[in-house]
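Chemist: Hey, dropping run_1.pdb in here, PDB, C-alpha atoms:
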```pdb
ATOM      1  CA  MET A 110      16.770 -22.865 -27.301
ATOM      2  CA  ALA A 111      16.095 -19.463 -25.734
ATOM      3  CA  ARG A 112      19.014 -17.362 -24.593
ATOM      4  CA  PRO A 113      19.210 -16.729 -20.849
ATOM      5  CA  LEU A 114      18.221 -13.241 -19.776
ATOM      6  CA  ALA A 115      21.070 -10.772 -19.324
ATOM      7  CA  PHE A 116      19.217  -9.124 -16.437
ATOM      8  CA  ASN A 117      17.329 -10.049 -13.288
ATOM      9  CA  PRO A 118      13.570  -9.740 -14.013
ATOM     10  CA  GLU A 119      12.752  -9.291 -10.300
ATOM     11  CA  GLU A 120      15.173  -6.383 -10.038
ATOM     12  CA  LYS A 121      13.766  -4.793 -13.193
ATOM     13  CA  LEU A 122      10.197  -5.245 -11.948
ATOM     14  CA  HIS A 123      11.153  -3.484  -8.721
ATOM     15  CA  GLN A 124      12.659  -0.621 -10.730
ATOM     16  CA  ALA A 125       9.469  -0.373 -12.811
ATOM     17  CA  MET A 126       7.320  -0.324  -9.668
ATOM     18  CA  MET A 127       9.408   2.510  -8.223
ATOM     19  CA  LEU A 128       9.128   4.500 -11.466
ATOM     20  CA  PHE A 129       5.350   4.060 -11.600
ATOM     21  CA  TRP A 130       5.217   5.001  -7.904
ATOM     22  CA  ARG A 131       7.197   8.215  -8.465
ATOM     23  CA  ARG A 132       5.702   9.310 -11.778
ATOM     24  CA  GLY A 133       2.288   7.680 -11.927
ATOM     25  CA  TYR A 134       0.926   5.299 -14.527
ATOM     26  CA  GLU A 135      -0.228   7.832 -17.109
ATOM     27  CA  ALA A 136       2.884  10.021 -16.881
ATOM     28  CA  THR A 137       5.258   7.077 -17.334
ATOM     29  CA  SER A 138       6.045   6.369 -20.981
ATOM     30  CA  MET A 139       7.435   3.171 -22.440
ATOM     31  CA  GLN A 140      10.581   5.106 -23.363
ATOM     32  CA  GLU A 141      11.032   6.121 -19.717
ATOM     33  CA  LEU A 142      10.591   2.501 -18.661
ATOM     34  CA  VAL A 143      13.214   1.387 -21.189
ATOM     35  CA  ALA A 144      15.619   4.059 -19.904
ATOM     36  CA  GLU A 145      14.944   3.375 -16.207
ATOM     37  CA  LEU A 146      15.196  -0.387 -16.522
ATOM     38  CA  GLU A 147      18.200  -0.144 -18.858
ATOM     39  CA  ILE A 148      16.885  -2.868 -21.130
ATOM     40  CA  ASN A 149      15.757  -2.627 -24.715
ATOM     41  CA  ARG A 150      12.111  -2.343 -25.684
ATOM     42  CA  PHE A 151      12.006  -5.875 -27.107
ATOM     43  CA  SER A 152      13.326  -7.366 -23.855
ATOM     44  CA  LEU A 153      10.860  -5.324 -21.843
ATOM     45  CA  TYR A 154       7.892  -6.512 -23.931
ATOM     46  CA  ASN A 155       9.182 -10.069 -24.098
ATOM     47  CA  THR A 156       9.670 -10.305 -20.327
ATOM     48  CA  PHE A 157       6.788  -8.244 -18.935
ATOM     49  CA  GLY A 158       4.363  -7.535 -21.757
ATOM     50  CA  ASP A 159       2.999  -4.084 -22.521
ATOM     51  CA  LYS A 160       2.831  -1.122 -20.149
ATOM     52  CA  GLN A 161      -0.467  -2.242 -18.594
ATOM     53  CA  ALA A 162       0.863  -5.755 -17.986
ATOM     54  CA  LEU A 163       4.036  -4.359 -16.411
ATOM     55  CA  PHE A 164       1.973  -2.046 -14.256
ATOM     56  CA  ALA A 165      -0.263  -4.926 -13.124
ATOM     57  CA  GLN A 166       2.856  -6.894 -12.144
ATOM     58  CA  SER A 167       4.124  -3.823 -10.277
ATOM     59  CA  VAL A 168       0.870  -3.699  -8.298
ATOM     60  CA  GLU A 169       1.306  -7.380  -7.408
ATOM     61  CA  LEU A 170       4.883  -6.747  -6.268
ATOM     62  CA  TYR A 171       3.776  -3.810  -4.126
ATOM     63  CA  GLU A 172       1.046  -5.908  -2.577
ATOM     64  CA  GLU A 173       3.508  -8.667  -1.735
ATOM     65  CA  LYS A 174       6.552  -6.691  -0.594
ATOM     66  CA  VAL A 175       5.208  -3.456   0.885
ATOM     67  CA  PHE A 176       1.574  -3.924   1.742
ATOM     68  CA  GLY A 177       2.006  -7.514   2.930
ATOM     69  CA  ARG A 178       4.581  -6.555   5.554
ATOM     70  CA  LEU A 179       2.246  -4.029   7.133
ATOM     71  CA  LEU A 180      -0.657  -6.442   7.048
ATOM     72  CA  LEU A 181       1.408  -8.848   9.155
ATOM     73  CA  CYS A 182       1.309  -6.280  11.974
ATOM     74  CA  LEU A 183      -2.412  -6.994  12.286
ATOM     75  CA  GLN A 184      -1.994 -10.760  12.117
ATOM     76  CA  GLY A 185       0.725 -11.351  14.692
ATOM     77  CA  GLU A 186       0.645 -12.346  18.334
ATOM     78  CA  LEU A 187      -0.917  -9.093  19.482
ATOM     79  CA  THR A 188      -4.693  -8.874  19.407
ATOM     80  CA  GLY A 189      -7.400  -6.264  19.626
ATOM     81  CA  LEU A 190      -6.443  -2.770  20.673
ATOM     82  CA  GLU A 191      -2.795  -3.736  21.213
ATOM     83  CA  ALA A 192      -2.591  -4.947  17.619
ATOM     84  CA  LEU A 193      -4.173  -1.731  16.332
ATOM     85  CA  ASN A 194      -1.746   0.425  18.324
ATOM     86  CA  PHE A 195       1.183  -1.639  17.050
ATOM     87  CA  TYR A 196      -0.113  -1.390  13.482
ATOM     88  CA  PHE A 197      -0.425   2.403  13.566
ATOM     89  CA  ASP A 198       2.998   2.781  15.212
ATOM     90  CA  SER A 199       4.510   0.492  12.554
ATOM     91  CA  LEU A 200       2.732   2.349   9.760
ATOM     92  CA  ALA A 201       3.995   5.714  11.032
ATOM     93  CA  ALA A 202       7.558   4.393  11.398
ATOM     94  CA  GLY A 203       7.469   2.835   7.928
ATOM     95  CA  LEU A 204       6.212   6.037   6.382
ATOM     96  CA  LYS A 205       8.958   8.066   8.069
ATOM     97  CA  ALA A 206      11.603   5.661   6.785
ATOM     98  CA  GLN A 207      10.245   5.792   3.251
ATOM     99  CA  THR A 208      12.690   7.116   0.675
ATOM    100  CA  GLY A 209      12.287   7.664  -3.037
ATOM    101  CA  ALA A 210       8.603   7.511  -3.856
ATOM    102  CA  SER A 211       6.219   8.881  -1.281
ATOM    103  CA  GLY A 212       2.743   8.006  -0.195
ATOM    104  CA  CYS A 213       1.008   4.781  -1.080
ATOM    105  CA  PHE A 214       1.629   3.431  -4.569
ATOM    106  CA  LEU A 215      -1.986   2.266  -4.824
ATOM    107  CA  GLN A 216      -3.452   5.474  -3.414
ATOM    108  CA  ASN A 217      -1.299   7.559  -5.756
ATOM    109  CA  THR A 218      -2.433   5.433  -8.682
ATOM    110  CA  LEU A 219      -6.112   5.864  -7.893
ATOM    111  CA  LEU A 220      -5.769   9.600  -7.347
ATOM    112  CA  GLU A 221      -3.938   9.976 -10.653
ATOM    113  CA  GLY A 222      -6.878   8.404 -12.460
ATOM    114  CA  GLY A 223      -4.699   7.111 -15.290
ATOM    115  CA  VAL A 224      -5.457   3.411 -14.972
ATOM    116  CA  LYS A 225      -8.308   2.272 -17.181
ATOM    117  CA  ASP A 226      -7.655  -1.472 -16.929
ATOM    118  CA  GLN A 227     -10.581  -2.795 -14.899
ATOM    119  CA  GLN A 228      -8.582  -5.820 -13.715
ATOM    120  CA  VAL A 229      -5.897  -3.563 -12.232
ATOM    121  CA  ILE A 230      -8.541  -1.392 -10.578
ATOM    122  CA  GLU A 231     -10.191  -4.492  -9.118
ATOM    123  CA  ARG A 232      -6.808  -5.726  -7.899
ATOM    124  CA  ILE A 233      -6.216  -2.426  -6.095
ATOM    125  CA  ARG A 234      -9.732  -2.570  -4.664
ATOM    126  CA  GLY A 235      -9.004  -6.092  -3.440
ATOM    127  CA  VAL A 236      -5.864  -4.910  -1.634
ATOM    128  CA  PHE A 237      -7.822  -2.232   0.212
ATOM    129  CA  LEU A 238     -10.539  -4.740   1.075
ATOM    130  CA  ARG A 239      -7.902  -7.123   2.461
ATOM    131  CA  LEU A 240      -6.666  -4.376   4.750
ATOM    132  CA  ARG A 241     -10.221  -3.531   5.751
ATOM    133  CA  GLY A 242     -10.891  -7.199   6.543
ATOM    134  CA  ALA A 243      -7.788  -7.420   8.728
ATOM    135  CA  LEU A 244      -8.779  -4.213  10.513
ATOM    136  CA  GLU A 245     -12.280  -5.590  11.078
ATOM    137  CA  ALA A 246     -10.926  -8.843  12.503
ATOM    138  CA  VAL A 247      -8.752  -6.955  14.984
ATOM    139  CA  ALA A 248     -11.622  -4.578  15.819
ATOM    140  CA  THR A 249     -13.797  -7.615  16.567
ATOM    141  CA  GLN A 250     -11.109  -8.831  18.979
ATOM    142  CA  ALA A 251     -11.054  -5.403  20.623
ATOM    143  CA  VAL A 252     -14.845  -5.523  21.064
ATOM    144  CA  ALA A 253     -14.453  -8.918  22.756
ATOM    145  CA  GLN A 254     -11.856  -7.302  25.048
ATOM    146  CA  GLY A 255     -14.415  -4.674  26.090
ATOM    147  CA  TYR A 256     -13.403  -1.814  23.783
ATOM    148  CA  PHE A 257     -15.499   0.096  21.239
ATOM    149  CA  SER A 258     -18.756  -0.243  23.186
ATOM    150  CA  LYS A 259     -19.878   3.143  21.814
ATOM    151  CA  ILE A 260     -19.747   1.869  18.216
ATOM    152  CA  ASP A 261     -22.468  -0.235  16.603
ATOM    153  CA  SER A 262     -20.237  -2.718  14.765
ATOM    154  CA  SER A 263     -16.699  -3.806  14.006
ATOM    155  CA  GLU A 264     -17.458  -3.041  10.357
ATOM    156  CA  GLN A 265     -17.920   0.643  11.192
ATOM    157  CA  ILE A 266     -14.652   0.660  13.122
ATOM    158  CA  ALA A 267     -12.853  -0.998  10.193
ATOM    159  CA  ASP A 268     -14.227   1.611   7.762
ATOM    160  CA  TYR A 269     -13.093   4.410  10.073
ATOM    161  CA  LEU A 270      -9.636   2.881  10.537
ATOM    162  CA  LEU A 271      -9.182   2.359   6.796
ATOM    163  CA  LEU A 272      -9.894   6.054   6.308
ATOM    164  CA  GLN A 273      -7.337   6.927   9.010
ATOM    165  CA  VAL A 274      -4.692   4.747   7.349
ATOM    166  CA  GLN A 275      -5.185   6.507   4.029
ATOM    167  CA  GLY A 276      -5.124   9.917   5.709
ATOM    168  CA  LEU A 277      -1.825   9.135   7.418
ATOM    169  CA  ILE A 278      -0.345   8.020   4.122
ATOM    170  CA  ALA A 279      -1.537  11.231   2.453
ATOM    171  CA  LEU A 280       0.072  13.341   5.199
ATOM    172  CA  ASN A 281       3.315  11.459   4.668
ATOM    173  CA  GLY A 282       3.089  12.008   0.924
ATOM    174  CA  LEU A 283       2.970  15.728   1.661
ATOM    175  CA  ARG A 284       5.947  15.331   4.033
ATOM    176  CA  LEU A 285       3.872  16.490   7.009
ATOM    177  CA  GLU A 286       5.500  14.093   9.455
ATOM    178  CA  GLU A 287       4.767  16.089  12.596
ATOM    179  CA  GLN A 288       1.092  16.250  11.674
ATOM    180  CA  ALA A 289       1.072  12.515  10.996
ATOM    181  CA  ASP A 290       2.652  11.866  14.420
ATOM    182  CA  ASN A 291       0.017  14.056  16.052
ATOM    183  CA  ALA A 292      -2.744  12.245  14.183
ATOM    184  CA  VAL A 293      -1.487   8.819  15.319
ATOM    185  CA  LYS A 294      -1.271  10.020  18.917
ATOM    186  CA  ILE A 295      -4.851  11.344  18.874
ATOM    187  CA  LEU A 296      -6.133   8.274  17.022
ATOM    188  CA  LYS A 297      -4.672   5.939  19.645
ATOM    189  CA  GLN A 298      -6.209   8.034  22.438
ATOM    190  CA  GLN A 299      -9.533   8.054  20.638
ATOM    191  CA  LEU A 300      -9.511   4.279  20.129
ATOM    192  CA  GLN A 301      -8.883   3.826  23.849
ATOM    193  CA  SER A 302     -11.998   5.855  24.673
ATOM    194  CA  LEU A 303     -14.497   4.408  22.178
TER     195      LEU A 303
END
```
For the structure just supplied, provide its representation as structure tokens.
Modeler:
Amino acid sequence: MARPLAFNPEEKLHQAMMLFWRRGYEATSMQELVAELEINRFSLYNTFGDKQALFAQSVELYEEKVFGRLLLCLQGELTGLEALNFYFDSLAAGLKAQTGASGCFLQNTLLEGGVKDQQVIERIRGVFLRLRGALEAVATQAVAQGYFSKIDSSEQIADYLLLQVQGLIALNGLRLEEQADNAVKILKQQLQSL
């Protein structure tokens, strides 16, 4: 009969995610994970697997806990342009409230270039495509409401908005909050006029 764990795996996974977020995948060693999680190497491997497996689980946790909450802003009662405005306001507020690690965990990971596991890369790609799909759905609603008549398709709007999201996150990662606020203000004005 296996002994019960002396730690909470969910709590330790969250700690691992935060360490990867702060330091990056490549820069984070197994020894640092052992020290941060305050569990021995055997327990870490036995519970989560190797570093790549732990990182993949960290990506899943980020997708569920952080990314998923923001995605809900696009899938609520508001539709079209109202939903987009609410989303960008929520994104800006969430970024300002962010403590500890900065920027987007997934964006930081891709920019670091340390992940070679194709499954993890595809998982990250899937997260971005989910966001793009939600943005496209809301853009389609905005077109039906009479907005974006100067743009050829909702797909183009979604691509543009995805780029804006990543830019805002990058500004936050650099702690350029005033610039991010200005960018959101101009973006909302621009969306109104398209």
Chemist: Could you check which of A:Leu183, A:Leu280, A:Ala206, A:Ile266 is closest to Leu240 of chain A, using only C-alpha atoms?
Modeler: A:Leu183
Chemist: I'd like the neighbourhood of Phe176 of chain A as an MDAnalysis selection string, where a residue qualifies if any of its atoms comes within 12 Å (using only C-alpha atoms), though same-chain residues fewer than 5 positions away should be ignored.
Modeler: chainID A and resid 168:171 181:183 200 203:204 213:216 233 235:237 239:240
Chemist: Which value, in Å to one decimal, gives the distance between atom CA of Leu163 of chain A and atom CA of Glu135 of chain A?
Modeler: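 We find that atom CA of Leu163 of chain A and atom CA of Glu135 of chain A lie 12.9 Å from each other.
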Chemist: Grab the atom CA of Ala165 of chain A to atom CA of Ala243 of chain A distance for me, in Å with one decimal place.
Modeler: 23.2 Å
Chemist: Can you pull out every residue within 12 Å of Ala136 of chain A, counting only C-alpha atoms, but drop anything in the same chain fewer than 3 positions away, and send it as a PDB file with C-alpha atoms, in the coordinates of the input?
Modeler:
```pdb
ATOM      1  CA  LEU A 128       9.128   4.500 -11.466  1.00  0.00           C
ATOM      2  CA  PHE A 129       5.350   4.060 -11.600  1.00  0.00           C
ATOM      3  CA  TRP A 130       5.217   5.001  -7.904  1.00  0.00           C
ATOM      4  CA  ARG A 131       7.197   8.215  -8.465  1.00  0.00           C
ATOM      5  CA  ARG A 132       5.702   9.310 -11.778  1.00  0.00           C
ATOM      6  CA  GLY A 133       2.288   7.680 -11.927  1.00  0.00           C
ATOM      7  CA  MET A 139       7.435   3.171 -22.440  1.00  0.00           C
ATOM      8  CA  GLN A 140      10.581   5.106 -23.363  1.00  0.00           C
ATOM      9  CA  GLU A 141      11.032   6.121 -19.717  1.00  0.00           C
ATOM     10  CA  LEU A 142      10.591   2.501 -18.661  1.00  0.00           C
ATOM     11  CA  LYS A 160       2.831  -1.122 -20.149  1.00  0.00           C
ATOM     12  CA  THR A 218      -2.433   5.433  -8.682  1.00  0.00           C
ATOM     13  CA  GLU A 221      -3.938   9.976 -10.653  1.00  0.00           C
ATOM     14  CA  GLY A 222      -6.878   8.404 -12.460  1.00  0.00           C
ATOM     15  CA  GLY A 223      -4.699   7.111 -15.290  1.00  0.00           C
ATOM     16  CA  VAL A 224      -5.457   3.411 -14.972  1.00  0.00           C
TER      17      VAL A 224
END
```
Chemist: Expressed in Å to a single decimal, how great is the separation between atom CA of Glu245 of chain A and atom CA of Leu270 of chain A?
Modeler: 8.9 Å
Chemist: Of the candidates A:Ala279, A:Ser138, A:Ala192, A:Glu286, which shows the shortest atom-to-atom distance to Phe164 of chain A, using only C-alpha atoms?
Modeler: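 Nearest candidate to Phe164 of chain A out of A:Ala279, A:Ser138, A:Ala192, A:Glu286: A:Ser138.
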Chemist: From the options A:Arg241, A:Lys294, A:Lys121, A:Lys205, which residue's atoms come nearest to Thr156 of chain A, counting all atoms listed in the file?
Modeler: A:Lys121
Chemist: Using the chain letters and numbering of this document, enumerate as a list of chain:residue names the residues selected by the PyMOL selection byres ((chain A and resi 198) around 12).
Modeler: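 Expected selection for the PyMOL selection byres ((chain A and resi 198) around 12) here is A:Leu179, A:Cys182, A:Leu183, A:Glu191, A:Ala192, A:Leu193, A:Asn194, A:Phe195, A:Tyr196, A:Phe197, A:Ser199, A:Leu200, A:Ala201, A:Ala202, A:Gly203, A:Leu204, A:Lys205, A:Val274, A:Leu277, A:Ala289, A:Asp290, A:Asn291, A:Ala292, A:Val293, A:Lys294, A:Leu296, A:Lys297.
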Chemist: Give me the result of the PyMOL selection byres ((chain A and resi 146) around 8) on this file, residue by residue, as a PyMOL selection string.
Modeler: chain A and resi 121+124-125+142-145+147-148
Chemist: Taking into account all atoms listed in the file, which residue in the set A:Leu180, A:Gly189, A:Ile295, A:Ser167 is nearest to Gln250 of chain A?
Modeler: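 Selected residue with least distance to Gln250 of chain A: A:Gly189.
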Chemist: With only C-alpha atoms as the atoms that count, which of A:Ser302, A:Gln161, A:Gln275, A:Ser258 lies nearest to Tyr134 of chain A?
Modeler: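 Closest residue, counting only C-alpha atoms: A:Gln161.
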Chemist: Using the block above, I'd like segment 147-221 of chain A written out, keeping C-alpha atoms and formatting it as a PDB file, in the first residue's frame.
Modeler:
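Final output, saved to selection.pdb:
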```
ATOM      1  CA  GLU A 147      10.539  21.858  -0.848  1.00  0.00           C
ATOM      2  CA  ILE A 148      10.182  18.201  -1.744  1.00  0.00           C
ATOM      3  CA  ASN A 149      12.869  15.669  -2.488  1.00  0.00           C
ATOM      4  CA  ARG A 150      13.861  14.735  -6.018  1.00  0.00           C
ATOM      5  CA  PHE A 151      12.296  11.273  -5.758  1.00  0.00           C
ATOM      6  CA  SER A 152       8.929  12.728  -4.713  1.00  0.00           C
ATOM      7  CA  LEU A 153       9.096  15.279  -7.499  1.00  0.00           C
ATOM      8  CA  TYR A 154       9.774  12.613 -10.147  1.00  0.00           C
ATOM      9  CA  ASN A 155       7.278  10.197  -8.638  1.00  0.00           C
ATOM     10  CA  THR A 156       4.488  12.789  -8.549  1.00  0.00           C
ATOM     11  CA  PHE A 157       5.109  14.860 -11.683  1.00  0.00           C
ATOM     12  CA  GLY A 158       7.648  13.041 -13.824  1.00  0.00           C
ATOM     13  CA  ASP A 159      10.713  14.709 -15.300  1.00  0.00           C
ATOM     14  CA  LYS A 160      11.220  18.425 -15.900  1.00  0.00           C
ATOM     15  CA  GLN A 161       9.444  18.372 -19.275  1.00  0.00           C
ATOM     16  CA  ALA A 162       6.443  16.545 -17.813  1.00  0.00           C
ATOM     17  CA  LEU A 163       6.261  19.012 -14.918  1.00  0.00           C
ATOM     18  CA  PHE A 164       6.511  21.899 -17.337  1.00  0.00           C
ATOM     19  CA  ALA A 165       3.721  20.458 -19.507  1.00  0.00           C
ATOM     20  CA  GLN A 166       1.521  20.176 -16.402  1.00  0.00           C
ATOM     21  CA  SER A 167       2.409  23.778 -15.529  1.00  0.00           C
ATOM     22  CA  VAL A 168       1.237  24.889 -18.981  1.00  0.00           C
ATOM     23  CA  GLU A 169      -2.051  23.042 -18.426  1.00  0.00           C
ATOM     24  CA  LEU A 170      -2.497  24.720 -15.037  1.00  0.00           C
ATOM     25  CA  TYR A 171      -1.818  28.143 -16.543  1.00  0.00           C
ATOM     26  CA  GLU A 172      -4.316  27.479 -19.296  1.00  0.00           C
ATOM     27  CA  GLU A 173      -6.970  26.474 -16.780  1.00  0.00           C
ATOM     28  CA  LYS A 174      -6.429  29.016 -14.001  1.00  0.00           C
ATOM     29  CA  VAL A 175      -5.070  32.141 -15.687  1.00  0.00           C
ATOM     30  CA  PHE A 176      -5.882  31.997 -19.358  1.00  0.00           C
ATOM     31  CA  GLY A 177      -9.310  30.425 -18.846  1.00  0.00           C
ATOM     32  CA  ARG A 178     -10.512  33.270 -16.633  1.00  0.00           C
ATOM     33  CA  LEU A 179      -9.702  35.860 -19.271  1.00  0.00           C
ATOM     34  CA  LEU A 180     -11.294  33.789 -21.999  1.00  0.00           C
ATOM     35  CA  LEU A 181     -14.554  33.886 -20.036  1.00  0.00           C
ATOM     36  CA  CYS A 182     -14.642  37.658 -20.593  1.00  0.00           C
ATOM     37  CA  LEU A 183     -15.253  36.945 -24.277  1.00  0.00           C
ATOM     38  CA  GLN A 184     -17.870  34.280 -23.620  1.00  0.00           C
ATOM     39  CA  GLY A 185     -20.164  36.039 -21.166  1.00  0.00           C
ATOM     40  CA  GLU A 186     -23.396  37.948 -21.582  1.00  0.00           C
ATOM     41  CA  LEU A 187     -21.788  40.823 -23.450  1.00  0.00           C
ATOM     42  CA  THR A 188     -21.456  40.469 -27.202  1.00  0.00           C
ATOM     43  CA  GLY A 189     -19.633  42.100 -30.067  1.00  0.00           C
ATOM     44  CA  LEU A 190     -17.863  45.369 -29.439  1.00  0.00           C
ATOM     45  CA  GLU A 191     -19.052  45.526 -25.820  1.00  0.00           C
ATOM     46  CA  ALA A 192     -17.452  42.146 -25.155  1.00  0.00           C
ATOM     47  CA  LEU A 193     -14.188  43.253 -26.777  1.00  0.00           C
ATOM     48  CA  ASN A 194     -14.084  46.452 -24.713  1.00  0.00           C
ATOM     49  CA  PHE A 195     -14.791  44.470 -21.545  1.00  0.00           C
ATOM     50  CA  TYR A 196     -12.105  41.935 -22.458  1.00  0.00           C
ATOM     51  CA  PHE A 197      -9.412  44.571 -23.002  1.00  0.00           C
ATOM     52  CA  ASP A 198     -10.386  46.417 -19.807  1.00  0.00           C
ATOM     53  CA  SER A 199     -10.253  43.120 -17.882  1.00  0.00           C
ATOM     54  CA  LEU A 200      -6.925  42.189 -19.453  1.00  0.00           C
ATOM     55  CA  ALA A 201      -5.413  45.567 -18.538  1.00  0.00           C
ATOM     56  CA  ALA A 202      -6.735  45.344 -14.964  1.00  0.00           C
ATOM     57  CA  GLY A 203      -5.462  41.780 -14.583  1.00  0.00           C
ATOM     58  CA  LEU A 204      -2.040  42.730 -15.852  1.00  0.00           C
ATOM     59  CA  LYS A 205      -1.828  45.662 -13.432  1.00  0.00           C
ATOM     60  CA  ALA A 206      -2.764  43.403 -10.524  1.00  0.00           C
ATOM     61  CA  GLN A 207      -0.184  40.804 -11.496  1.00  0.00           C
ATOM     62  CA  THR A 208       2.472  40.167  -8.869  1.00  0.00           C
ATOM     63  CA  GLY A 209       5.444  37.842  -8.897  1.00  0.00           C
ATOM     64  CA  ALA A 210       6.019  36.711 -12.455  1.00  0.00           C
ATOM     65  CA  SER A 211       5.307  39.211 -15.183  1.00  0.00           C
ATOM     66  CA  GLY A 212       4.037  38.970 -18.697  1.00  0.00           C
ATOM     67  CA  CYS A 213       2.374  35.907 -20.131  1.00  0.00           C
ATOM     68  CA  PHE A 214       3.788  32.557 -19.056  1.00  0.00           C
ATOM     69  CA  LEU A 215       3.240  31.140 -22.546  1.00  0.00           C
ATOM     70  CA  GLN A 216       4.631  34.183 -24.345  1.00  0.00           C
ATOM     71  CA  ASN A 217       7.685  34.203 -22.078  1.00  0.00           C
ATOM     72  CA  THR A 218       8.207  30.510 -22.759  1.00  0.00           C
ATOM     73  CA  LEU A 219       8.092  30.931 -26.521  1.00  0.00           C
ATOM     74  CA  LEU A 220      10.403  33.936 -26.462  1.00  0.00           C
ATOM     75  CA  GLU A 221      12.899  32.050 -24.308  1.00  0.00           C
TER      76      GLU A 221
END
```
